[in-house]
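One file, data-v3.tsv, carrying TSV, C-alpha atoms:
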```tsv
chain	number	residue	atom	x	y	z
O	10	MET	CA	61.18	158.39	-67.02
O	11	ASP	CA	63.63	156.02	-68.74
O	12	ILE	CA	65.84	156.09	-65.65
O	13	PHE	CA	62.87	155.01	-63.53
O	14	PHE	CA	62.08	152.03	-65.80
O	15	TRP	CA	65.76	151.09	-65.96
O	16	LEU	CA	65.99	151.16	-62.16
O	17	VAL	CA	62.80	149.12	-61.69
O	18	SER	CA	63.87	146.58	-64.30
O	19	HIS	CA	67.06	145.87	-62.37
O	20	LEU	CA	65.31	145.31	-59.06
O	21	PRO	CA	64.48	141.77	-57.95
O	22	LYS	CA	61.30	140.20	-59.32
O	23	LEU	CA	59.50	141.01	-56.08
O	24	PHE	CA	59.67	144.73	-56.91
O	25	SER	CA	59.50	144.64	-60.72
O	26	TRP	CA	56.64	142.13	-61.28
O	27	TRP	CA	54.19	144.83	-62.43
O	28	LEU	CA	56.59	146.13	-65.09
O	29	TYR	CA	56.94	142.67	-66.68
O	30	SER	CA	53.36	141.48	-66.18
O	31	PRO	CA	51.99	139.53	-69.18
O	32	LYS	CA	48.97	141.84	-69.47
O	33	ARG	CA	51.15	144.96	-69.58
O	34	THR	CA	53.62	143.37	-72.01
O	35	ILE	CA	50.85	142.34	-74.44
O	36	LYS	CA	49.28	145.80	-74.27
O	37	ASN	CA	52.57	147.38	-75.35
O	38	VAL	CA	53.21	145.23	-78.42
O	39	ASP	CA	51.76	146.53	-81.69
O	40	VAL	CA	51.24	144.38	-84.77
O	41	SER	CA	50.39	145.83	-88.13
O	42	ILE	CA	50.36	144.71	-91.71
O	43	SER	CA	53.38	146.24	-93.38
O	44	ALA	CA	52.62	149.13	-95.72
O	45	GLN	CA	54.58	147.52	-98.55
O	46	GLU	CA	52.73	146.58	-101.72
O	47	GLY	CA	51.82	142.91	-101.82
O	48	THR	CA	51.97	142.36	-98.07
O	49	VAL	CA	49.46	139.52	-98.35
O	50	GLU	CA	50.38	137.22	-101.22
O	51	LEU	CA	48.58	134.15	-102.51
O	52	TRP	CA	50.33	131.94	-105.05
O	53	CYS	CA	47.49	130.12	-106.77
O	54	ASP	CA	48.99	127.39	-108.97
O	55	LYS	CA	49.60	123.78	-107.92
O	56	ILE	CA	53.38	124.03	-108.11
O	57	GLN	CA	53.70	127.21	-106.05
O	58	SER	CA	50.61	127.16	-103.85
O	59	MET	CA	51.58	129.45	-100.99
O	60	PHE	CA	50.22	132.01	-98.54
O	61	LYS	CA	52.56	134.76	-97.33
O	62	VAL	CA	52.04	137.84	-95.20
O	63	ILE	CA	54.41	140.58	-94.01
O	64	LEU	CA	53.79	141.56	-90.38
O	65	GLU	CA	55.38	144.45	-88.52
O	66	PHE	CA	55.86	144.05	-84.76
O	67	LYS	CA	56.72	147.06	-82.58
O	68	ASN	CA	57.88	146.79	-78.97
O	69	ASN	CA	56.58	149.76	-76.92
O	70	ASN	CA	57.69	148.19	-73.62
O	71	PRO	CA	60.54	149.81	-71.67
O	72	PHE	CA	62.48	146.53	-71.91
O	73	PRO	CA	63.48	144.08	-74.67
O	74	ILE	CA	61.20	141.20	-75.66
O	75	GLU	CA	61.48	138.17	-77.89
O	76	ILE	CA	58.88	137.11	-80.44
O	77	ASP	CA	59.41	133.35	-80.30
O	78	ARG	CA	57.13	132.22	-83.14
O	79	VAL	CA	54.20	133.56	-85.14
O	80	GLU	CA	51.16	131.88	-86.67
O	81	ALA	CA	48.92	133.74	-89.14
O	82	SER	CA	45.55	132.12	-89.94
O	83	GLY	CA	43.64	133.49	-92.88
O	84	ARG	CA	40.17	133.00	-94.34
O	85	LEU	CA	39.34	133.97	-97.90
O	86	HIS	CA	36.18	132.86	-99.73
O	87	ASN	CA	35.72	129.85	-97.39
O	88	ALA	CA	39.37	128.85	-97.84
O	89	SER	CA	41.43	128.39	-94.69
O	90	MET	CA	45.16	128.93	-94.73
O	91	LYS	CA	47.98	129.09	-92.21
O	92	ALA	CA	51.41	130.70	-92.34
O	93	PHE	CA	54.21	130.32	-89.81
O	94	ASP	CA	57.41	132.04	-88.78
O	95	LEU	CA	59.13	129.73	-86.32
O	96	PHE	CA	62.27	131.79	-85.77
O	97	GLY	CA	60.78	135.09	-84.58
O	98	ALA	CA	63.02	137.95	-83.51
O	99	LYS	CA	64.43	139.84	-80.56
O	100	LEU	CA	63.14	143.37	-80.16
O	101	GLU	CA	64.76	146.11	-78.13
O	102	LYS	CA	62.51	148.78	-76.60
O	103	ASN	CA	60.85	151.10	-79.13
O	104	LYS	CA	62.07	149.05	-82.11
O	105	LYS	CA	60.22	147.46	-85.04
O	106	VAL	CA	60.82	144.26	-86.94
O	107	ASN	CA	59.18	142.70	-90.00
O	108	LEU	CA	58.38	138.99	-89.91
O	109	TYR	CA	57.43	136.96	-92.98
O	110	PRO	CA	55.17	134.02	-92.07
O	111	ARG	CA	54.43	131.70	-94.99
O	112	GLY	CA	52.64	128.42	-95.51
O	113	LYS	CA	51.55	126.01	-98.22
O	114	LEU	CA	47.94	125.90	-99.44
O	115	ASP	CA	46.28	122.49	-99.51
O	116	GLU	CA	44.36	121.41	-102.63
O	117	SER	CA	40.86	122.25	-101.36
O	118	SER	CA	41.91	125.73	-100.16
O	119	LEU	CA	43.73	126.32	-103.44
O	120	ALA	CA	40.55	125.49	-105.40
O	121	LYS	CA	38.48	127.88	-103.23
O	122	VAL	CA	41.05	130.68	-103.61
O	123	ASN	CA	40.98	130.24	-107.40
O	124	GLU	CA	37.16	130.55	-107.29
O	125	ALA	CA	37.30	133.79	-105.28
O	126	ALA	CA	36.78	137.18	-106.89
O	127	ASP	CA	39.91	139.22	-107.58
O	128	ASP	CA	38.80	141.86	-105.07
O	129	GLU	CA	37.95	139.37	-102.32
O	130	THR	CA	39.21	140.46	-98.88
O	131	LEU	CA	41.01	138.34	-96.31
O	132	ARG	CA	40.37	137.96	-92.58
O	133	LEU	CA	43.58	137.33	-90.65
O	134	GLU	CA	44.28	136.24	-87.08
O	135	VAL	CA	47.84	136.58	-85.79
O	136	LYS	CA	49.04	134.59	-82.77
O	137	ALA	CA	52.51	134.80	-81.26
O	138	ILE	CA	54.54	133.67	-78.28
O	139	ILE	CA	56.18	136.62	-76.55
O	140	ILE	CA	58.93	136.25	-73.98
O	141	ASN	CA	60.05	138.91	-71.54
O	142	LYS	CA	62.48	138.71	-68.61
O	143	TYR	CA	60.11	136.63	-66.43
O	144	HIS	CA	57.25	135.31	-68.58
O	145	CYS	CA	56.54	133.22	-71.66
O	146	ILE	CA	53.25	134.69	-72.91
O	147	ARG	CA	51.27	132.30	-75.13
O	148	ASP	CA	47.95	134.15	-75.47
O	149	PHE	CA	48.99	137.06	-77.70
O	150	LYS	CA	46.46	137.50	-80.52
O	151	ARG	CA	45.47	140.23	-83.01
O	152	ASN	CA	42.78	140.22	-85.75
O	153	PHE	CA	42.70	142.05	-89.06
O	154	ASP	CA	39.71	142.33	-91.38
O	155	ARG	CA	39.26	143.25	-95.02
O	156	LEU	CA	42.86	142.86	-96.16
O	157	MET	CA	43.50	143.13	-99.87
O	158	CYS	CA	45.49	140.27	-101.37
O	159	LYS	CA	47.89	140.11	-104.27
O	160	PHE	CA	47.22	136.99	-106.36
O	161	TYR	CA	49.90	135.28	-108.44
O	162	ASN	CA	49.07	132.74	-111.19
O	163	LYS	CA	45.37	132.81	-110.27
O	164	LYS	CA	43.16	130.85	-112.62
O	165	PRO	CA	40.51	132.98	-114.34
O	166	ARG	CA	36.96	132.42	-113.12
O	167	ARG	CA	34.63	130.53	-115.44
O	168	LEU	CA	32.33	132.68	-117.53
O	169	HIS	CA	29.05	131.06	-116.38
O	170	GLU	CA	29.97	131.76	-112.73
O	171	GLU	CA	30.34	135.48	-113.47
O	172	THR	CA	26.96	135.72	-115.18
O	173	THR	CA	24.96	134.01	-112.43
```

Write the structure described by the file as structure tokens, please.
Amino acid sequence: MDIFFWLVSHLPKLFSWWLYSPKRTIKNVDVSISAQEGTVELWCDKIQSMFKVILEFKNNNPFPIEIDRVEASGRLHNASMKAFDLFGAKLEKNKKVNLYPRGKLDESSLAKVNEAADDETLRLEVKAIIINKYHCIRDFKRNFDRLMCKFYNKKPRRLHEETT
């Protein structure tokens, strides 16, 4: 089967368009949250206010692709945050790569994160630009729900908030 894909990939675009179609390419890229501890980190003090996530991309296509850039948008307790990885990576077929998008928290989001419960879960949307031999695919998107976060330097919640 690998010989067939290799042969088709070396044919002119007229014959190999279906192999490199954006829909097929997107279908064969997996994104997961890395299994490492602390894969979603929130730094909750004013000096180091940051949002970081570790994403694992796997290329299941029979050809190499490039992840050009990644944007991760998170929502936690009404706080919105964004993290970026602008460098991306090149992925050979059947290979994995970890990317580390990170972004700064603004003051209002930082205040909302500090008000959140310690077991609050995060909703994450991952967008990426994927490039194959013929296409620059800009509509790649994956969603993740109920992600546990690791908080650093989080302010303790006020006592009267916990009793009400």

*Select, from O:Lys55, O:Arg111, O:His86, O:Lys67, the residue with the minimum atom-to-atom distance to O:Ser41, counting only C-alpha atoms.*
O:Lys67

At a cut-off of 7 Å, can you tabulate as CSV every residue of stretch 59-172 of chain O near stretch 28-31 of chain O together with its closest atom pair and the distance in Å to one decimal, using all atoms listed in the file and ordering rows by chain then number?
```
residue,atom,partner,partner_atom,distance
O:Asn141,CA,O:Tyr29,CA,6.9
O:Tyr143,CA,O:Tyr29,CA,6.8
O:His144,CA,O:Pro31,CA,6.8
O:Ile146,CA,O:Pro31,CA,6.2
```

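Considering the residues O:Lys102, O:Arg78, O:Lys159, O:Arg132 and counting all atoms listed in the file, O:Met90 has its shortest atom-to-atom contact with O:Arg132.
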
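The interatomic distance for the pair atom CA of O:Asn37 and atom CA of O:Ile63 works out to 19.9 Å.
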
List every protein, DNA or RNA residue that has an atom no more than 8 Å from (50.7, 127.6, -101.6) in the file's coordinate frame, counting only C-alpha atoms, and report them as an mmCIF file with C-alpha atoms, in the frame of the given file.
```
data_model
loop_
_atom_site.group_PDB
_atom_site.id
_atom_site.type_symbol
_atom_site.label_atom_id
_atom_site.label_comp_id
_atom_site.auth_asym_id
_atom_site.auth_seq_id
_atom_site.Cartn_x
_atom_site.Cartn_y
_atom_site.Cartn_z
ATOM 1 C CA LEU O 51 48.580 134.150 -102.510
ATOM 2 C CA TRP O 52 50.330 131.940 -105.050
ATOM 3 C CA CYS O 53 47.490 130.120 -106.770
ATOM 4 C CA ASP O 54 48.990 127.390 -108.970
ATOM 5 C CA LYS O 55 49.600 123.780 -107.920
ATOM 6 C CA ILE O 56 53.380 124.030 -108.110
ATOM 7 C CA GLN O 57 53.700 127.210 -106.050
ATOM 8 C CA SER O 58 50.610 127.160 -103.850
ATOM 9 C CA MET O 59 51.580 129.450 -100.990
ATOM 10 C CA PHE O 60 50.220 132.010 -98.540
ATOM 11 C CA GLY O 112 52.640 128.420 -95.510
ATOM 12 C CA LYS O 113 51.550 126.010 -98.220
ATOM 13 C CA LEU O 114 47.940 125.900 -99.440
ATOM 14 C CA ASP O 115 46.280 122.490 -99.510
ATOM 15 C CA LEU O 119 43.730 126.320 -103.440
#
```

Please report as a tab-separated table every residue of stretch 44-93 of chain O lying within 10 Å of stretch 125-129 of chain O, along with the nearest atom pair and their distance in Å (one decimal), using all atoms listed in the file.
```
residue	atom	partner	partner_atom	distance
O:Leu85	CA	O:Glu129	CA	7.1
O:His86	CA	O:Ala125	CA	5.7
O:Asn87	CA	O:Ala125	CA	9.0
O:Ala88	CA	O:Ala125	CA	9.2
```

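Considering the residues O:Asn152, O:Thr48, O:Asn69, O:Ser118 and counting all atoms listed in the file, O:Ser89 has its shortest atom-to-atom contact with O:Ser118.
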
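With distances restricted to all atoms listed in the file, O:Asp94 is the closest residue to O:Asp77 from O:Asp94, O:Glu124, O:Asp154, O:Asp39.
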
_Straight-line distance linking atom CA of O:Arg84 with atom CA of O:Leu156, stated in Å to one decimal_ = 10.4 Å

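Taking atom CA of O:Tyr109 and atom CA of O:Ile140 as endpoints, the distance between them is 19.1 Å.
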
_Just want the 8 Å neighbourhood of O:Asp148, counted on all atoms listed in the file, with same-chain residues fewer than 2 positions away dropped. Output as an NGL selection string._
:O and (136-138 or 146 or 150)

*If I put a ball of radius 6 Å at (54.1, 130.7, -87.3) in the file's coordinates, which residues poke into it when counting all atoms listed in the file, written as a VMD selection string?*
chain O and resid 78 to 80 92 to 95 110

If I wrap all listed atoms of stretch 134-142 of chain O in a box with edges along x, y and z and add 5 Å on each side, what are its centre and edge lengths in Å to one decimal, as lines of an AutoDock Vina configuration file?
```
center_x = 53.4
center_y = 136.3
center_z = -77.8
size_x = 28.2
size_y = 15.2
size_z = 28.5
```

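Take the candidates O:Leu131, O:Ile42, O:Leu100, O:Val49 and check each one against O:Arg155 using all atoms listed in the file; the shortest distance goes to O:Leu131.
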